[in-house]
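Colleague: A single structure is presented below for examination.
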2 protein chains.
Amino acid sequence: MTNARPPAREGDPPTGTPLGTRRGRPAYDTSSLVEVAARVFNERGYDATSMEDLSAAAGITKSSFYHHVRGKEALLRAALERALDGLFGILDEPAATTGSPLARLRHIVRRQVEVLVAELPHVTLLLRLRGNTETERWALGRRREFDAAIAALVRDASAAGELRAGLDPAVDARLLSGIVNSLVEWYRPGRVPVEDLVAEVDRMAFEGLLAQAPATRRRPF
Amino acid sequence: MTNARPPAREGDPPTGTPLGTRRGRPAYDTSSLVEVAARVFNERGYDATSMEDLSAAAGITKSSFYHHVRGKEALLRAALERALDGLFGILDEPAATTGSPLARLRHIVRRQVEVLVAELPHVTLLLRLRGNTETERWALGRRREFDAAIAALVRDASAAGELRAGLDPAVDARLLSGIVNSLVEWYRPGRVPVEDLVAEVDRMAFEGLLAQAPATRRRPF
DNA sequence: CGCAGTCGAACGATCGTTCGGTCGGCTGGC
DNA sequence: GCCAGCCGACCGAACGATCGTTCGACTGCG
């Protein structure tokens, strides 16, 4: 567990600008611009997205855009923080820290699907990082911490005999994360209800696709 | 099923340059440069990779590099063709066109893992496309065709009662592809033998993680 | 000598970012 | 209630850097 904050530069405005008493024209707050940026980043890819693209998507010129945001990388960092806060928040939930390893794992997976859907653009950004800048490497490190927590849970559940004996729990953990994370590649809100999505992912991960009914269903969950 | 070739420009050299009788210093053939490019593309991301990066990885200067390759997009296209040829080759195999839908699906999934490992850099590139250029959109279209073939097979197997009754076969197909495709995010040759990887993916996808033994295993496969 | 291979230099384009200045709604003193 | 002036929002133009690509010249085998 390393820093919970990126290598923040001094003078950073608070990410959630309060703007209690504002002057001038109706303006954009920072968080809404982060949302716009995350969307465009995902469409074109971070490196292929120009500040001109972002400002145009926000409806203002490039120079006006710089009046609201520090720069391109700061937008990325804000979006990644939002994704990571959502994911790590799961690990602090009561159901993620009590009960059998399998029950905790199953809760985390299902909640992970919900957070992924709720923060779809931000998590998508997180899962596509390449580590070219310091900010990206920081976020990648945090993401590895999250994956390690899941891998440890899979290992514990496997050691407790709660999982089918497999060749390698580490591989199982990777595949499990792969199922959940692959949602960002196709899921879009509206088509499939979130609760159905959670049920499908849970079933795929823990019961598989085959038709034969298991002898005893552990619990309806 | 649309074109099997990208909107190739005239004068394209054959992708596998024979170079039977070569003159001058020991040189690079095109396919090895494509391999180098695919590797660097995956490390830094396509857009973040400069031609300087590629030529340096090949050990020559940028201008020398242009003596061997047409340009950046041509390198991408060649790598994507290699990935797509490998994947679509699976669909033509006898075991992919005969037998029950489930048997065919299972064969394709297992072979897909093998091709993904054999062509890891090229398939990785394919799975990270954003569709910014015409070449990328062409490759994305071809990839959608492949995914549609798998989705059709999942639907057939589900209709035949070979799969557990689920909420939505289309979602199952997405999740299935998600498991396989997520391999490019972590798998590196050497650690886990390919046959073990195939077995793990097969088990995860069709039987799930849970411990309770199914009443009857259909076949050892 | 021919020519494939290599290279340095430079092209126009676009990148992220900065700067100086305009506009207009809100505020404080009267 | 009024208005001068402040200041946040906005913009056009330009910065140096880097991008993908081209060109002409040099090099050393066959």
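We name chains A, B, ... following the order of the structure tokens; residues begin at 1 in each chain, and ligands are numbered from 1 as shown.
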Residues near Ala148 in chain A, anyone? I mean within 12 Å using only C-alpha atoms (C1' of nucleotides), not counting same-chain ones fewer than 6 positions away, as a PDB file with C-alpha atoms, in the first residue's frame.

Modeller:
```pdb
ATOM      1  CA  MET A   1       0.000   0.000   0.000  1.00  0.00           C
ATOM      2  CA  PHE A  88     -10.895   1.141  -3.427  1.00  0.00           C
ATOM      3  CA  LEU A  91     -12.546  -2.857  -0.289  1.00  0.00           C
ATOM      4  CA  GLY A 141       0.509   1.102  -9.391  1.00  0.00           C
ATOM      5  CA  ARG A 142      -2.711   1.754  -7.518  1.00  0.00           C
ATOM      6  CA  VAL A 154      -8.901 -15.871  -4.657  1.00  0.00           C
ATOM      7  CA  ARG A 155      -5.895 -17.592  -3.125  1.00  0.00           C
ATOM      8  CA  PRO A 169      -5.161 -19.463  -8.330  1.00  0.00           C
ATOM      9  CA  ALA A 170      -3.132 -16.535  -9.684  1.00  0.00           C
ATOM     10  CA  ALA A 173      -7.635 -14.237 -10.354  1.00  0.00           C
ATOM     11  CA  ARG A 174      -6.422 -12.751 -13.629  1.00  0.00           C
ATOM     12  CA  SER A 177     -10.561  -9.618 -13.270  1.00  0.00           C
TER      13      SER A 177
END
```

Colleague: Tell me which protein, DNA and RNA residues are within 8 Å of Asn132 in chain A, counting only C-alpha atoms (C1' of nucleotides), leaving out same-chain ones fewer than 4 positions away, and put them as a PDB file with N, CA and C atoms, in the first residue's frame.

Modeller:
```pdb
ATOM      1  N   GLU A 136       0.368   8.380 -15.047  1.00  0.00           N
ATOM      2  CA  GLU A 136      -0.125   7.083 -15.497  1.00  0.00           C
ATOM      3  C   GLU A 136       0.510   5.952 -14.696  1.00  0.00           C
ATOM      4  N   ARG A 137       1.795   6.092 -14.427  1.00  0.00           N
ATOM      5  CA  ARG A 137       2.466   5.033 -13.666  1.00  0.00           C
ATOM      6  C   ARG A 137       1.944   4.969 -12.231  1.00  0.00           C
TER       7      ARG A 137
ATOM      8  N   ARG B  44       4.076   1.541 -25.688  1.00  0.00           N
ATOM      9  CA  ARG B  44       3.787   2.961 -25.509  1.00  0.00           C
ATOM     10  C   ARG B  44       2.383   3.357 -25.942  1.00  0.00           C
TER      11      ARG B  44
END
```

Colleague: What is the Cα root-mean-square deviation, to one decimal place in Å, for chain A superposed on chain B with all Cα atoms matched in order?

Modeller: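 Answer to one decimal place: 0.2 Å.
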
Colleague: Just checking: using only C-alpha atoms (C1' of nucleotides), which residue out of D:DA14, D:DC7, D:DC26, D:DC19 ends up closest to chain A?

Modeller: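 Nearest candidate to chain A out of D:DA14, D:DC7, D:DC26, D:DC19: D:DC7.
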
Colleague: Output as a ChimeraX atom specification the set of chain C residues within 9 Å of chain B, with distances taken over only C-alpha atoms (C1' of nucleotides).

Modeller: /C:3-7
